[in-house]
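Peer 1: Here it is, the structure in full.
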Amino acid sequence: MPATFIGVRHHSPACARLVGDTIAALRPAFVLVEGPADMNDRIGELLLGHELPIAVFSSYRDEERHAGSWAPFCEYSPEWVALHAARDAGADVRFIDLPAWHEALAGRENRYSDAEERYEEAIDRLCTSFAVDNVDALWDHLFEIEPAAGLEDRLAAYFDLLRGESEAGAGDRAREEYMARWVRAAQRDAGERPVVVVTGGFHRPALIRLAAQEDAGADWPEAPVLPAGAVGGSYLVPYSFRRLDAFDGYQSGMPSPEYYQRLWESGPDRAAEGLVAAVVERLRAKRQRASTADLIAARACAAGLATVRGHASPARTDILDGLSAALVQDALDEPLPWATRGRLRAGTHPVVVEMVAALSGERVGRLHPGTPLPPLVHDVTAAIEREGLAVAGTVAVALTSADGLRRSRMLHQLRVLAIPGFVRRRGPATGIDPVLDEQWTVTDHEHRLPALIEAGAYGATLEQAAAAHIAERIAAAGGKVGVLAGALFDAALCGTGRLSDRVLQDLRLGIAAAQELGELGHLLGVLLALWRHDRLLGTAGSAALDAVIVAAHDRVLWLAEGARGAALPADPARIGAIVALRDTARHGGPGVDREAAAATMARVAAAAEAPPDLRGAAFGFGWALGEPDDPLRAVRGAGGPVALGDWLAGVFGVAREEVLHADGVLDLLDEIVSGLGPDDFLIALPALRQAFAYFPPRERETIAGHVLQRRGHRGSGRALLRRPAADPQVLARAAALEARVDSALARQGLLR
């Protein structure tokens with residue numbers, strides 16, 4: 001008997017009703033549903049009695065590809081209705097699509113992402129023909145609000161037009177050929193009983209054609225298995241209406257899930273009435289103006305718009321437009337979000353935001369207690385109980401004890417995996433921070449279980465999962481050195497100091513691709529701190545970190561020598577990179593080439609085209625390491641007022657102590673600054689202030705006292721450091737202006 005093909009839009013109440021009614025009427029032998037075939041032996045898990053929405057979360061990891069995908073279900077999802085209607089009709093129900101990890105679905109986070117997004121041209125023509133803004137309004141106009149009579153024929157015509165004569169992509173072709181094999185096998189074994197096929201409407205025309213190919217074979221397909229070396233699996237997870245909503249970035253289906261839930265439960269008229277009231281109640285709870293008159297006006301406006309637009313009952317956009325007309329009194333900076341698709345834009349009117357939130361809803365799914373869970377969930381649950389973290393509250397952790405360090409590492413592993421409910425309030429920010437305790441806030445978060453199930457893709461235990469997640473971050477960082485630095489420090493906090501050869505290779509590749517000198521210098525500083533001092537976290541003296549330090553050190557040298565920009569202002573991050581080089585030369589391991597570093601810095605210090613602060617920092621590098629350069633000669637050759645302060649910033653940042661203790665340097669600086677004319681001083685002043693900021697207050701007091709002694713005054717210099725009544729730059733500009741006025745008056749003979 002020929003199969004009955006029902007093409008649906010995912011999460012459509014109209015399609016869900018059609019599927020349920022068709023299966024109940026035909027009582028087929030097989031119901032075939034678009035879904036992951038590797039879940040066929042576990043369909044019973046979906047029928048346990050969950051509170052919807054839920055989703056099938058599938059994960060995949062190998063050395064080249066990491067992927068995660070969701071197949072969500074709510075009460076009005078046609079696929080969900082098909083599963084339950086098939087059970088009630090005594091039919092054999094099977095999923096017939098490729099697994100989510102298969103290459104045919106690569107890059108797709110959601111199995112049910114609709115084909116309308118891929119075939120916009122046909123949708124645009126239909127929207128123009130029916131005078132609606134987008135596919136959501138078009139769908140409501142054609143199917144959700146229209147009478148149910150003739151729905152199957154209207155859907156078939158719609159999806160045939162959508163598919164047209166265009167060729168599907170390689171991924172869709174592979175999926176359709178695979179699904180067609182299931183259909184042919186079911187038709188062979190069904191005998192005289194019907195077969196019902198429920199798939200996305202875009203696939204329906206191709207499946208009808210492919211299933212009719214008699215010479216294509218009719219054996220039941222095997223579900224593909226994971227390739228060798230890959231790990232992955234599928235588990236049910238609680239989902240939420242917010243994650244399901246297109247306004248929150250969901251790839252597929254219908255926006256405003258709370259509206260469609262009410263439409264499914266009670267029909268369009270009651271759904272419209274209930275949601276207008278819900279919006280007004282929400283606004284009142286937020287202390288936004290929403291009177292009874294506004295409520296009446298919104299309902300009247302929605303009903304009027306429905307009549308004008310030819311709707312038997314108010315549709316979703318009729319409700320939203322009616323509410324906005326009644327409640328929004330201000331000019332809008334952004335278009336109404338339901339006129340487009342996607343996330344809400346920044347600047348959306350707050351009343352509109354609350355309207356969208358009310359139609360989105362706050363429902364959160366809950367799994368049946370008997371639902372199988374990945375090993376990570378059990379491992380974390382046991383660890384939380386064992387460490388006494390099952391009760392919400394503030395947790396103090398002493399890093400100096402073995403118990404405290406173990407608890408800290410577990411909490412950081414949860415944090416790295418983004419498990420909600422574990423927030424660190426205080427603790428060390430680098431490997432050398434003199435902070436020996438942490439403070440955490442633990443809460444029983446409602447999204448903890450879904451997050452743990454999804455994190456189970458990384459490993460069976462908490463330590464394995466955190467290590468795999470950090471390795472993935474490092475592999476994906478590319479040249480983003482800040483990401484590498486954060487991932488490495490997280491590895492230390494999690495106690496995963498032993499990095500695999502693959503992770504080390506990814507680190508070296510990321511360092512080799514780095515282009516920002518300042519960021520790479522920061523990474524080098526973090527690496528060196530962990531290698532030198534971090535006995536607390538267990539990374540001190542690590543040979544693995546030593547190798548990465550050498551790679552970062554050499555890359556910093558290369559970037560520094562290639563830097564250009566003689567007019568660039570001082571950059572603290574750039575200076576910090578040379579500080580990291582200095583510390584690596586002083587304290588790094590035997591693999592650090594100190595002679596190469598000294599030679600490179602000498603060339604940078606003499607490069608006229610290099611930024612002044614980098615030239616000064618390079619000179620300070622040699623000075624700090626005892627190179628026999630003449631600092632007085634170098635200061636005299638620093639440049640004019642434009643470059644002087646920036647050059648000094650580099651010197652002070654790298655060789656501050658040498659400046660303070662070298663004979664004659666402070667005297668020479670005093671002479672140079674005192675010798676600047678008013679205009680030159682005004683030019684040099686901002687950079688000079690930035691340069692001297694590298695000295696802490698006590699050392700600035702020492703410098704000020706030296707300046708006083710040179711002028712025959714006694715005192716510590718503290719008086720010179722008091723905050724002036726006015727900004728020194730304002731005073732300098734005022735003095736320059738007065739000088740110009742005096743000069744003009746003198747030229748005119750008006751100055752006495």
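Residue numbering restarts at 1 in every chain; chains get A, B, ... in the order shown in the structure tokens, and ligands count up from 1 in that same order.
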DSSP on the backbone: which residues in segment 13-214 of chain A end up as strand (DSSP E)? Give the answer as a compact mmCIF listing (two decimals) with N, CA, C and O atoms, in the first residue's frame.
Peer 2:
# COMPACT_ATOMS: atom_id res chain seq x y z
N PHE A 30 3.19 1.07 10.42
CA PHE A 30 4.42 1.78 10.77
C PHE A 30 4.18 3.28 10.73
O PHE A 30 3.48 3.79 9.84
N VAL A 31 4.75 3.96 11.70
CA VAL A 31 4.84 5.42 11.68
C VAL A 31 6.32 5.77 11.67
O VAL A 31 7.05 5.42 12.61
N LEU A 32 6.76 6.41 10.61
CA LEU A 32 8.17 6.77 10.43
C LEU A 32 8.32 8.27 10.65
O LEU A 32 7.62 9.07 10.02
N VAL A 33 9.23 8.64 11.53
CA VAL A 33 9.35 10.02 11.98
C VAL A 33 10.77 10.52 11.72
O VAL A 33 11.75 9.80 11.98
N GLU A 34 10.89 11.73 11.23
CA GLU A 34 12.21 12.36 11.07
C GLU A 34 12.83 12.53 12.46
O GLU A 34 12.35 13.28 13.30
N GLY A 35 13.89 11.81 12.70
CA GLY A 35 14.58 11.84 13.98
C GLY A 35 15.78 10.93 13.90
O GLY A 35 15.94 10.15 12.94
N PRO A 36 16.66 10.94 14.90
CA PRO A 36 17.92 10.20 14.83
C PRO A 36 17.71 8.70 14.93
O PRO A 36 17.22 8.18 15.93
N ILE A 54 11.29 19.04 26.20
CA ILE A 54 12.56 18.32 26.38
C ILE A 54 13.24 18.26 25.02
O ILE A 54 12.68 18.69 24.01
N ALA A 55 14.45 17.73 24.97
CA ALA A 55 15.17 17.60 23.70
C ALA A 55 16.07 16.38 23.76
O ALA A 55 16.47 15.92 24.83
N VAL A 56 16.37 15.85 22.58
CA VAL A 56 17.42 14.85 22.45
C VAL A 56 18.72 15.61 22.17
O VAL A 56 18.83 16.30 21.15
N PHE A 57 19.66 15.51 23.09
CA PHE A 57 20.96 16.14 22.88
C PHE A 57 21.94 15.09 22.41
O PHE A 57 22.11 14.05 23.04
N SER A 58 22.59 15.36 21.27
CA SER A 58 23.57 14.43 20.70
C SER A 58 24.92 15.11 20.62
O SER A 58 25.01 16.29 20.25
N SER A 59 25.97 14.38 20.97
CA SER A 59 27.31 14.95 20.95
C SER A 59 28.23 14.06 20.13
O SER A 59 27.99 12.86 19.95
N TYR A 60 29.30 14.68 19.65
CA TYR A 60 30.29 13.96 18.86
C TYR A 60 31.63 14.63 19.03
O TYR A 60 31.73 15.87 19.00
N ARG A 61 32.69 13.82 19.23
CA ARG A 61 34.03 14.35 19.37
C ARG A 61 35.02 13.37 18.76
O ARG A 61 34.99 12.18 19.03
N HIS A 66 34.32 18.59 16.71
CA HIS A 66 33.52 18.54 17.92
C HIS A 66 32.15 19.13 17.58
O HIS A 66 32.07 20.19 16.97
N ALA A 67 31.08 18.44 17.95
CA ALA A 67 29.75 18.92 17.57
C ALA A 67 28.74 18.56 18.65
O ALA A 67 28.87 17.56 19.35
N GLY A 68 27.72 19.42 18.76
CA GLY A 68 26.59 19.16 19.63
C GLY A 68 25.32 19.57 18.91
O GLY A 68 25.30 20.56 18.18
N SER A 69 24.25 18.79 19.08
CA SER A 69 23.01 19.06 18.36
C SER A 69 21.82 18.75 19.26
O SER A 69 21.89 17.83 20.09
N TRP A 70 20.75 19.51 19.07
CA TRP A 70 19.53 19.31 19.84
C TRP A 70 18.36 19.03 18.89
O TRP A 70 18.26 19.64 17.82
N ALA A 71 17.49 18.13 19.30
CA ALA A 71 16.22 17.89 18.61
C ALA A 71 15.11 18.09 19.63
O ALA A 71 14.76 17.17 20.38
N PRO A 72 14.57 19.32 19.73
CA PRO A 72 13.63 19.61 20.81
C PRO A 72 12.20 19.18 20.49
O PRO A 72 11.79 19.10 19.33
N PHE A 73 11.45 18.91 21.56
CA PHE A 73 10.04 18.53 21.45
C PHE A 73 9.23 19.33 22.48
O PHE A 73 9.65 19.47 23.63
N ASP A 92 4.10 0.44 14.86
CA ASP A 92 5.54 0.36 15.11
C ASP A 92 6.13 1.70 14.69
O ASP A 92 6.06 2.08 13.51
N VAL A 93 6.71 2.44 15.64
CA VAL A 93 7.22 3.77 15.35
C VAL A 93 8.74 3.73 15.31
O VAL A 93 9.39 3.09 16.14
N ARG A 94 9.32 4.40 14.30
CA ARG A 94 10.77 4.42 14.16
C ARG A 94 11.24 5.79 13.67
O ARG A 94 10.58 6.43 12.85
N PHE A 95 12.41 6.18 14.18
CA PHE A 95 13.10 7.35 13.64
C PHE A 95 13.85 6.91 12.38
O PHE A 95 14.44 5.82 12.34
N ILE A 96 13.90 7.78 11.37
CA ILE A 96 14.43 7.36 10.07
C ILE A 96 15.51 8.28 9.52
O ILE A 96 15.97 8.08 8.39
N ASP A 97 15.96 9.24 10.30
CA ASP A 97 16.97 10.18 9.81
C ASP A 97 18.36 9.76 10.29
O ASP A 97 18.50 8.97 11.24
N VAL A 195 1.23 2.95 5.90
CA VAL A 195 2.46 3.48 6.47
C VAL A 195 2.33 5.00 6.47
O VAL A 195 1.96 5.60 5.46
N VAL A 196 2.62 5.62 7.59
CA VAL A 196 2.58 7.09 7.70
C VAL A 196 3.99 7.60 7.91
O VAL A 196 4.72 7.10 8.78
N VAL A 197 4.38 8.61 7.12
CA VAL A 197 5.72 9.17 7.17
C VAL A 197 5.60 10.65 7.56
O VAL A 197 4.92 11.42 6.86
N VAL A 198 6.23 11.02 8.66
CA VAL A 198 6.16 12.40 9.17
C VAL A 198 7.57 13.00 9.12
O VAL A 198 8.46 12.58 9.86
N THR A 199 7.75 13.97 8.22
CA THR A 199 9.05 14.63 8.08
C THR A 199 8.83 16.11 7.84
O THR A 199 7.70 16.57 7.60
N GLY A 200 9.92 16.86 7.89
CA GLY A 200 9.85 18.25 7.50
C GLY A 200 9.30 18.39 6.09
O GLY A 200 9.64 17.59 5.20
Peer 1: To one decimal place in Å, what is the distance between atom CA of Ala570 of chain A and atom CA of Ala734 of chain A?
Peer 2: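 About the pair atom CA of Ala570 of chain A and atom CA of Ala734 of chain A: they are 25.7 Å apart.
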Peer 1: Could you give me the residues within segment 560-612 of chain A that DSSP places in helix (DSSP H, G or I), as number ranges by chain?
Peer 2: A: 560-562, 572-587, 594-605, 612
Peer 1: Just give me the gap between atom CA of Ala396 of chain A and atom CA of Asp437 of chain A in Å, one decimal is fine.
Peer 2: 7.3 Å
Peer 1: Which residues are near Gly171 of chain A? Cut-off 12 Å, only C-alpha atoms, ignore same chain within fewer than 5 positions. Put them as a PyMOL selection string.
Peer 2: chain A and resi 97-98+100+102-108+111+176-178+203
Peer 1: Just want the 7 Å neighbourhood of His368 of chain A, counted on only C-alpha atoms, with same-chain residues fewer than 6 positions away dropped. Output as an MDAnalysis selection string.
Peer 2: chainID A and resid 48:50
Peer 1: Mind giving me the straight-line distance from atom CA of Thr317 of chain A to atom CA of Asp140 of chain A in Å, one decimal?
Peer 2: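 So the two atoms, atom CA of Thr317 of chain A and atom CA of Asp140 of chain A, lie 8.7 Å apart.
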Peer 1: Which residue out of A:His706, A:His311, A:Arg243, A:Arg532 has the minimum interatomic distance to His661 of chain A when only C-alpha atoms are used?
Peer 2: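 Smallest distance to His661 of chain A is found for A:His706.
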Peer 1: Can you list, as a PDB file with all heavy atoms, in the first residue's frame, every protein, DNA or RNA residue that comes within 7 Å of Phe159 of chain A when you count only C-alpha atoms, leaving out same-chain residues fewer than 3 positions away?
Peer 2:
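After the write, result26.pdb holds the following:
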ATOM      1  N   LEU A 155      -0.883  22.231   2.752  1.00  0.00           N
ATOM      2  CA  LEU A 155       0.504  21.989   3.152  1.00  0.00           C
ATOM      3  C   LEU A 155       1.317  21.398   2.006  1.00  0.00           C
ATOM      4  O   LEU A 155       2.467  21.808   1.761  1.00  0.00           O
ATOM      5  CB  LEU A 155       0.548  21.039   4.353  1.00  0.00           C
ATOM      6  CG  LEU A 155       0.157  21.618   5.711  1.00  0.00           C
ATOM      7  CD1 LEU A 155       0.013  20.502   6.736  1.00  0.00           C
ATOM      8  CD2 LEU A 155       1.188  22.632   6.178  1.00  0.00           C
ATOM      9  N   ALA A 156       0.735  20.426   1.306  1.00  0.00           N
ATOM     10  CA  ALA A 156       1.463  19.805   0.198  1.00  0.00           C
ATOM     11  C   ALA A 156       1.793  20.832  -0.876  1.00  0.00           C
ATOM     12  O   ALA A 156       2.923  20.860  -1.401  1.00  0.00           O
ATOM     13  CB  ALA A 156       0.635  18.659  -0.388  1.00  0.00           C
ATOM     14  N   LEU A 162       7.791  25.437  -2.141  1.00  0.00           N
ATOM     15  CA  LEU A 162       9.028  25.775  -1.429  1.00  0.00           C
ATOM     16  C   LEU A 162      10.216  25.010  -2.001  1.00  0.00           C
ATOM     17  O   LEU A 162      11.278  25.581  -2.269  1.00  0.00           O
ATOM     18  CB  LEU A 162       8.872  25.438   0.056  1.00  0.00           C
ATOM     19  CG  LEU A 162      10.058  25.771   0.961  1.00  0.00           C
ATOM     20  CD1 LEU A 162      10.221  27.259   1.111  1.00  0.00           C
ATOM     21  CD2 LEU A 162       9.882  25.118   2.320  1.00  0.00           C
ATOM     22  N   ARG A 163      10.016  23.716  -2.247  1.00  0.00           N
ATOM     23  CA  ARG A 163      11.108  22.892  -2.783  1.00  0.00           C
ATOM     24  C   ARG A 163      11.376  23.236  -4.242  1.00  0.00           C
ATOM     25  O   ARG A 163      12.529  23.351  -4.665  1.00  0.00           O
ATOM     26  CB  ARG A 163      10.756  21.416  -2.628  1.00  0.00           C
ATOM     27  CG  ARG A 163      11.844  20.445  -3.101  1.00  0.00           C
ATOM     28  CD  ARG A 163      13.055  20.513  -2.201  1.00  0.00           C
ATOM     29  NE  ARG A 163      14.076  19.542  -2.592  1.00  0.00           N
ATOM     30  CZ  ARG A 163      14.386  18.464  -1.893  1.00  0.00           C
ATOM     31  NH1 ARG A 163      13.751  18.200  -0.765  1.00  0.00           N
ATOM     32  NH2 ARG A 163      15.334  17.643  -2.302  1.00  0.00           N
ATOM     33  N   GLY A 201       8.455  19.370   5.881  1.00  0.00           N
ATOM     34  CA  GLY A 201       7.782  19.490   4.591  1.00  0.00           C
ATOM     35  C   GLY A 201       8.727  19.646   3.426  1.00  0.00           C
ATOM     36  O   GLY A 201       8.413  19.216   2.302  1.00  0.00           O
ATOM     37  N   PHE A 202       9.891  20.211   3.657  1.00  0.00           N
ATOM     38  CA  PHE A 202      10.860  20.381   2.580  1.00  0.00           C
ATOM     39  C   PHE A 202      11.297  19.033   2.008  1.00  0.00           C
ATOM     40  O   PHE A 202      11.571  18.903   0.812  1.00  0.00           O
ATOM     41  CB  PHE A 202      12.067  21.148   3.115  1.00  0.00           C
ATOM     42  CG  PHE A 202      13.224  21.212   2.159  1.00  0.00           C
ATOM     43  CD1 PHE A 202      13.215  22.091   1.094  1.00  0.00           C
ATOM     44  CD2 PHE A 202      14.310  20.372   2.317  1.00  0.00           C
ATOM     45  CE1 PHE A 202      14.268  22.144   0.205  1.00  0.00           C
ATOM     46  CE2 PHE A 202      15.373  20.416   1.441  1.00  0.00           C
ATOM     47  CZ  PHE A 202      15.351  21.307   0.374  1.00  0.00           C
TER      48      PHE A 202
END
